[in-house]
Structures are given as C-alpha cells and as structure tokens.
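Data block for my_file31.cif (mmCIF, C-alpha atoms):
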data_entry
loop_
_atom_site.label_atom_id
_atom_site.label_comp_id
_atom_site.auth_asym_id
_atom_site.auth_seq_id
_atom_site.Cartn_x
_atom_site.Cartn_y
_atom_site.Cartn_z
CA MET A 1140 5.88 -122.54 20.19
CA SER A 1141 7.33 -119.09 19.45
CA PHE A 1142 5.58 -115.81 20.18
CA SER A 1143 6.20 -114.51 16.66
CA TRP A 1144 4.59 -117.64 15.19
CA LEU A 1145 1.43 -116.95 17.22
CA SER A 1146 1.27 -113.43 15.81
CA LYS A 1147 1.95 -114.46 12.21
CA ALA A 1148 -0.52 -117.34 12.37
CA SER A 1149 -3.25 -114.90 13.46
CA ILE A 1150 -3.83 -116.82 16.68
CA GLN A 1151 -6.22 -114.49 18.49
CA LYS A 1152 -5.93 -116.06 21.93
CA CYS A 1153 -3.94 -118.71 23.73
CA ALA A 1154 -4.67 -120.05 27.21
CA SER A 1155 -2.40 -121.47 29.88
CA GLU A 1156 -2.92 -124.74 31.68
CA GLU A 1157 -5.37 -124.48 34.55
CA PHE A 1158 -4.07 -123.71 38.03
CA GLU A 1159 -5.62 -123.34 41.47
CA ALA A 1160 -5.77 -120.28 43.72
CA GLY A 1161 -7.98 -119.70 46.74
CA GLY A 1162 -9.80 -122.98 46.17
CA TYR A 1163 -10.86 -122.08 42.60
CA LYS A 1164 -9.53 -123.09 39.17
CA TRP A 1165 -8.18 -120.45 36.82
CA SER A 1166 -6.33 -120.01 33.55
CA LEU A 1167 -4.37 -117.16 31.98
CA SER A 1168 -5.37 -115.97 28.50
CA ILE A 1169 -3.03 -114.00 26.21
CA TYR A 1170 -4.03 -112.12 23.05
CA PRO A 1171 -0.70 -111.76 21.13
CA THR A 1172 -2.06 -109.06 18.80
CA GLY A 1173 -4.57 -107.56 21.21
CA ASN A 1174 -8.17 -108.17 22.15
CA THR A 1175 -9.79 -105.98 19.51
CA LYS A 1176 -13.28 -106.43 20.96
CA GLY A 1177 -12.00 -105.07 24.25
CA GLY A 1178 -10.18 -102.12 22.69
CA GLY A 1179 -6.71 -103.67 22.84
CA GLN A 1180 -5.56 -102.97 19.28
CA GLY A 1181 -1.78 -102.56 19.02
CA HIS A 1182 -1.16 -104.14 22.41
CA VAL A 1183 -0.68 -107.51 24.04
CA SER A 1184 -3.82 -108.24 26.07
CA ILE A 1185 -3.91 -110.42 29.17
CA TYR A 1186 -6.85 -111.89 31.13
CA LEU A 1187 -7.51 -114.08 34.15
CA VAL A 1188 -10.34 -116.57 33.57
CA LEU A 1189 -12.28 -118.47 36.22
CA ILE A 1190 -12.97 -121.95 34.86
CA ASP A 1191 -14.98 -124.99 35.93
CA SER A 1192 -17.68 -123.03 37.75
CA SER A 1193 -20.22 -125.84 37.30
CA SER A 1194 -19.66 -127.05 40.87
CA LEU A 1195 -20.33 -123.60 42.36
CA PRO A 1196 -23.75 -122.46 43.69
CA VAL A 1197 -26.19 -120.85 41.26
CA ASP A 1198 -25.58 -117.37 42.71
CA TRP A 1199 -21.81 -117.81 43.09
CA GLU A 1200 -19.46 -114.85 43.34
CA VAL A 1201 -15.68 -114.76 43.74
CA ASN A 1202 -13.78 -111.61 44.69
CA ALA A 1203 -10.05 -111.38 44.08
CA VAL A 1204 -7.14 -108.96 43.84
CA VAL A 1205 -5.36 -109.64 40.54
CA ASN A 1206 -1.91 -108.57 39.37
CA PHE A 1207 -0.37 -109.54 36.03
CA SER A 1208 3.33 -109.74 35.20
CA ALA A 1209 5.72 -110.10 32.27
CA TYR A 1210 9.28 -111.35 32.74
CA ASN A 1211 12.12 -109.04 31.72
CA PHE A 1212 15.08 -111.22 30.68
CA ILE A 1213 17.55 -108.33 30.67
CA ASP A 1214 16.76 -107.12 34.20
CA ASP A 1215 16.03 -110.67 35.41
CA GLU A 1216 12.81 -109.63 37.11
CA TYR A 1217 9.06 -109.61 36.65
CA VAL A 1218 7.36 -106.35 35.73
CA ILE A 1219 4.18 -106.54 37.83
CA THR A 1220 1.04 -104.43 37.82
CA GLN A 1221 0.31 -102.83 41.18
CA ASP A 1222 -3.45 -103.10 41.57
CA THR A 1223 -5.17 -103.29 44.97
CA ASN A 1224 -8.76 -103.15 43.68
CA VAL A 1225 -10.97 -106.16 44.31
CA ARG A 1226 -12.26 -107.71 41.08
CA ARG A 1227 -15.64 -109.45 41.07
CA PHE A 1228 -16.17 -112.69 39.15
CA HIS A 1229 -19.67 -114.13 38.72
CA VAL A 1230 -21.79 -116.13 36.28
CA LEU A 1231 -22.05 -113.20 33.83
CA LYS A 1232 -18.39 -112.18 34.16
CA THR A 1233 -15.94 -115.06 34.41
CA GLU A 1234 -12.84 -113.16 33.29
CA TRP A 1235 -11.06 -109.92 34.00
CA GLY A 1236 -7.95 -108.45 32.48
CA ILE A 1237 -6.09 -105.61 30.80
CA ALA A 1238 -6.75 -105.03 27.10
CA LYS A 1239 -3.70 -102.74 26.75
CA PHE A 1240 -1.20 -104.62 28.89
CA VAL A 1241 1.91 -103.68 26.89
CA ASP A 1242 2.42 -102.01 23.51
CA ILE A 1243 3.21 -104.60 20.80
CA ASP A 1244 6.15 -102.64 19.35
CA THR A 1245 7.63 -102.22 22.82
CA PHE A 1246 7.10 -105.90 23.56
CA ASN A 1247 8.65 -107.10 20.27
CA ASP A 1248 11.76 -104.92 20.63
CA PRO A 1249 14.49 -107.27 22.02
CA SER A 1250 16.24 -104.35 23.71
CA ASN A 1251 13.31 -104.05 26.12
CA GLY A 1252 13.89 -107.55 27.46
CA TYR A 1253 10.44 -109.10 27.11
CA LEU A 1254 11.45 -111.49 24.30
CA MET A 1255 14.48 -113.77 24.48
CA ASP A 1256 15.01 -116.25 21.63
CA ASP A 1257 11.40 -115.51 20.62
CA THR A 1258 10.25 -116.71 24.04
CA CYS A 1259 8.30 -114.77 26.65
CA VAL A 1260 6.96 -115.43 30.14
CA PHE A 1261 3.70 -114.10 31.57
CA GLY A 1262 2.37 -114.55 35.08
CA VAL A 1263 -0.48 -113.63 37.39
CA GLU A 1264 -0.93 -113.29 41.15
CA VAL A 1265 -4.41 -114.08 42.46
CA PHE A 1266 -5.43 -113.20 46.01
CA VAL A 1267 -8.96 -114.47 46.65
CA VAL A 1268 -10.85 -112.32 49.15
CA LYS A 1269 -13.02 -114.42 51.41
CA THR A 1270 -16.33 -112.76 52.24
CA MET A 1271 -19.02 -113.55 54.77
CA ASP A 1272 -22.61 -113.01 53.70
CA LYS A 1273 -24.87 -111.34 56.20
CA GLY A 1274 -28.49 -110.52 55.49
CA ASP A 1275 -31.51 -109.21 57.29
CA CYS A 1276 -34.91 -110.85 57.30
CA LEU A 1277 -37.97 -108.63 57.61
CA SER A 1278 -41.11 -110.35 58.88
CA MET A 1279 -44.40 -108.62 58.12
CA PHE A 1280 -47.56 -109.20 60.12
CA HIS A 1281 -51.11 -108.79 58.80
CA GLY A 1282 -51.95 -106.92 61.99
CA PRO A 1283 -49.85 -105.47 64.81
CA ILE A 1284 -49.45 -107.31 68.08
CA THR A 1285 -51.10 -105.12 70.70
CA CYS A 1286 -51.02 -105.10 74.48
CA SER A 1287 -51.73 -102.71 77.34
CA HIS A 1288 -50.37 -102.42 80.85
CA SER A 1289 -51.33 -100.28 83.83
CA TRP A 1290 -48.93 -99.30 86.58
CA LYS A 1291 -50.17 -97.72 89.78
CA LEU A 1292 -47.61 -95.82 91.82
CA ASN A 1293 -48.76 -95.10 95.39
CA ARG A 1294 -47.70 -92.11 97.52
CA PHE A 1295 -46.24 -90.26 94.54
CA SER A 1296 -45.95 -87.01 96.51
CA PHE A 1297 -43.50 -88.76 98.83
CA ALA A 1298 -41.32 -90.03 95.97
CA ASN A 1299 -37.70 -89.35 96.83
CA LEU A 1300 -35.90 -91.44 94.21
CA ASP A 1301 -34.69 -90.14 90.86
CA GLU A 1302 -36.01 -93.22 89.05
CA TYR A 1303 -38.78 -95.77 89.57
CA GLU A 1304 -39.12 -99.02 87.65
CA SER A 1305 -42.30 -101.04 87.13
CA GLU A 1306 -42.53 -104.79 87.31
CA SER A 1307 -41.90 -106.65 84.04
CA PHE A 1308 -44.85 -107.34 81.76
CA VAL A 1309 -45.18 -109.30 78.52
CA GLY A 1310 -46.20 -107.81 75.20
CA GLY A 1311 -45.80 -109.61 71.88
CA ASN A 1312 -43.75 -112.38 73.54
CA TYR A 1313 -41.20 -109.82 74.75
CA LYS A 1314 -40.62 -108.39 78.21
CA TRP A 1315 -41.05 -104.68 78.92
CA LYS A 1316 -40.84 -102.23 81.81
CA LEU A 1317 -41.94 -98.67 82.47
CA LEU A 1318 -39.44 -96.17 83.85
CA LEU A 1319 -40.66 -93.10 85.74
CA TYR A 1320 -38.56 -90.05 86.62
CA PRO A 1321 -40.55 -87.85 89.07
CA ASN A 1322 -38.19 -84.90 88.57
CA GLY A 1323 -37.69 -85.41 84.86
CA HIS A 1324 -34.96 -86.93 82.74
CA ALA A 1325 -32.68 -85.58 79.99
CA GLU A 1326 -34.35 -82.53 78.41
CA GLY A 1327 -37.25 -82.85 80.86
CA LYS A 1328 -34.98 -82.66 83.90
CA GLY A 1329 -36.36 -80.22 86.47
CA ASN A 1330 -39.45 -79.22 84.47
CA SER A 1331 -41.42 -82.40 83.76
CA VAL A 1332 -42.36 -85.86 84.92
CA SER A 1333 -40.70 -88.27 82.46
CA LEU A 1334 -42.07 -91.69 81.50
CA PHE A 1335 -40.33 -94.26 79.28
CA LEU A 1336 -41.11 -97.70 77.86
CA THR A 1337 -38.05 -99.94 77.86
CA LEU A 1338 -37.45 -103.37 76.34
CA GLU A 1339 -35.70 -106.12 78.26
CA VAL A 1340 -33.17 -106.97 75.54
CA SER A 1341 -32.56 -110.42 77.03
CA SER A 1342 -36.06 -111.44 75.85
CA LEU A 1343 -35.23 -110.55 72.23
CA PRO A 1344 -33.87 -113.28 69.88
CA PRO A 1345 -30.42 -112.57 68.37
CA ASN A 1346 -30.29 -110.25 65.34
CA THR A 1347 -33.90 -109.16 65.83
CA LYS A 1348 -35.31 -105.65 65.68
CA LEU A 1349 -38.80 -104.49 66.59
CA VAL A 1350 -40.89 -101.69 65.12
CA VAL A 1351 -42.72 -100.24 68.12
CA ASP A 1352 -45.68 -97.85 68.13
CA CYS A 1353 -46.67 -97.01 71.70
CA THR A 1354 -48.80 -94.53 73.60
CA LEU A 1355 -47.67 -93.51 77.08
CA ARG A 1356 -50.48 -92.15 79.22
CA THR A 1357 -50.96 -90.69 82.70
CA LYS A 1358 -54.59 -91.02 83.74
CA GLU A 1359 -56.49 -88.15 85.30
CA GLN A 1360 -58.34 -89.84 88.15
CA ILE A 1361 -61.13 -87.26 88.47
CA GLY A 1362 -62.02 -86.60 84.85
CA ALA A 1363 -60.92 -87.93 81.49
CA ASN A 1364 -58.35 -85.31 80.53
CA HIS A 1365 -55.45 -87.76 80.38
CA ALA A 1366 -51.91 -86.66 79.57
CA GLN A 1367 -50.53 -88.84 76.81
CA THR A 1368 -47.96 -88.97 74.05
CA ARG A 1369 -47.40 -91.33 71.13
CA CYS A 1370 -44.01 -92.44 69.85
CA GLU A 1371 -42.68 -94.73 67.13
CA THR A 1372 -39.23 -96.27 67.16
CA ILE A 1373 -37.14 -99.30 66.17
CA LEU A 1374 -35.64 -101.35 69.01
CA PRO A 1375 -33.03 -102.03 70.13
#
This structure in structure tokens:
Amino acid sequence: MSFSWLSKASIQKCASEEFEAGGYKWSLSIYPTGNTKGGGQGHVSIYLVLIDSSSLPVDWEVNAVVNFSAYNFIDDEYVITQDTNVRRFHVLKTEWGIAKFVDIDTFNDPSNGYLMDDTCVFGVEVFVVKTMDKGDCLSMFHGPITCSHSWKLNRFSFANLDEYESESFVGGNYKWKLLLYPNGHAEGKGNSVSLFLTLEVSSLPPNTKLVVDCTLRTKEQIGANHAQTRCETILP
C-alpha cells in the first residue's frame, strides 16, 4: 500500500503489527496527514501505543525512553530522534508520540530521501525502565505507649569516666539505654552534665521509625526542684 494512497484516501491513522519490548506489547501509529487533534496539521505524526493492557494490574504504570525514526533511502540511514526523557504510560495515557514529526512537504519531496517508489519506512526504539516501588507505612495509635525508668548512679563525685551507660530497659517493645556524661558532651562539654536517651537499633524491626516524646529528669533528693528537659524526635 503506497504512502500517497493513504493520504489521498483520507486515511487518518494506520497502525503497525504488534511487537514486544521490555515484556510489553506495543504498536506504532502513523498519521499520514497529521494528527489534527494533537496539533499536527501539515506534518506526519507518529505515536507509540501500549496495547493489550488487560493482563496488567489495575494501577499499572510503564516507564520507557522512546525514540522514533524514519529511513532515508538516499543516505541509507535512519534519522532518529534523540530523546532521553522517560515517558510514562498508564491506564489514562496508553500512547505517546510526536504530532509534528516531519513536515509533509519535506517528507513528500523525493530529493529528501524519505520516499522511494512511494514507499517509506518508520521505526521506533523502546527502552523500558524497570522501577522498584518502595512505600512507607505509618501506623497510628489511639494513645501513646508510655514507660518510665529510673537509674541510680552511686558515688557520682568520684566519677572519672567520660561516659556512663545504664543497663538496658524495655519501653514499647523496644530496648533503650541512658547515657550520662559527667563533664558534658558536644555543646555541653565542660559546662554541663549531659544526659541522653538512646535506642538499641537492633531491637527495631527493619524499615521502622519511631516518634519519641521523652522527658529526661535529674531528681533533687532533698526537695522537689528537679532538673528536667523534654524533647521530641524521630528515631533512628
């Protein structure tokens, strides 16, 4: 079937046989006189169409790098678009293409090499980009999981280590420790006693984060004027 016959017969679109790329079935659609709905008047339009999506999941999505080509008989080579953008195909968009692929007058002029004996050759390269879905699950509790722990450190005035570590304790099914720096730590070095709550990460399930609201307190043993501070953070 000749290209000129398609134009004269007002054939709006013709499709290639189906082919496979990246595990999916596709076809190539050509608009000999342009896809007018897509703004392709006066040009040959070309589109890649994903077909037979009935076997795909309901929320399917295919990403691919697509490059179209037209064969030049004079130069004996394909003129190929150079596009590195990833195109997204899904249930609401099963085709992608170029409305103004090549000007019709340029294409029909035999001296340009696209038509030989009223025959032309179009092609497409499809590189399917495999993606891995990764999501986060947020679990909400009606009430926070609370716990308290007391740590008594004897003979503090004789402390000669930079860091002291409490025994492990359980809170909310996770293991914790208190860290004490008698001479301060970080910005408190040399001017404060520093106290930290630390999570034993080995007790945390994979890909889990905790929202922690804690109060660290040093008790005044004579009265009730305790030194305390509250902090909120996400661990780890």
| How many Å lie between atom CA of Glu1234 of chain A and atom CA of Ile1169 of chain A, rounded to one decimal? | 12.1 Å
| task | Between A:Val1183, A:Ala1160, A:Leu1300, A:Val1225, single out the one closest to Ile1243 of chain A, counting all atoms listed in the file. | result |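 Nearest to Ile1243 of chain A: A:Val1183.
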| When distances are computed from all atoms listed in the file, which of A:Gly1329, A:Gly1310, A:Gly1178, A:Gly1161 shows the smallest separation from His1288 of chain A? |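 Checking each of A:Gly1329, A:Gly1310, A:Gly1178, A:Gly1161 against His1288 of chain A, counting all atoms listed in the file, the winner is A:Gly1310.
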| task | Check the smallest atom-to-atom distance from each of A:Glu1200, A:Asp1222, A:Glu1156, A:Asp1352 to Glu1264 of chain A using all atoms listed in the file, then report the winner. | result |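 Ranked by minimum distance to Glu1264 of chain A, first place goes to A:Asp1222.
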| request: Might you pull out every residue within 9 Å of Arg1356 of chain A, with all atoms listed in the file counted and same-chain residues fewer than 3 positions away left off, and present them as number ranges by chain? | output: A: 1334, 1365-1369
| query | Applied to the shown file, which residues does the PyMOL selection byres ((chain A and resi 1303) around 10) return, written as a VMD selection string? | reply | chain A and resid 1292 1298 to 1302 1304 to 1305 1317 to 1321 1334
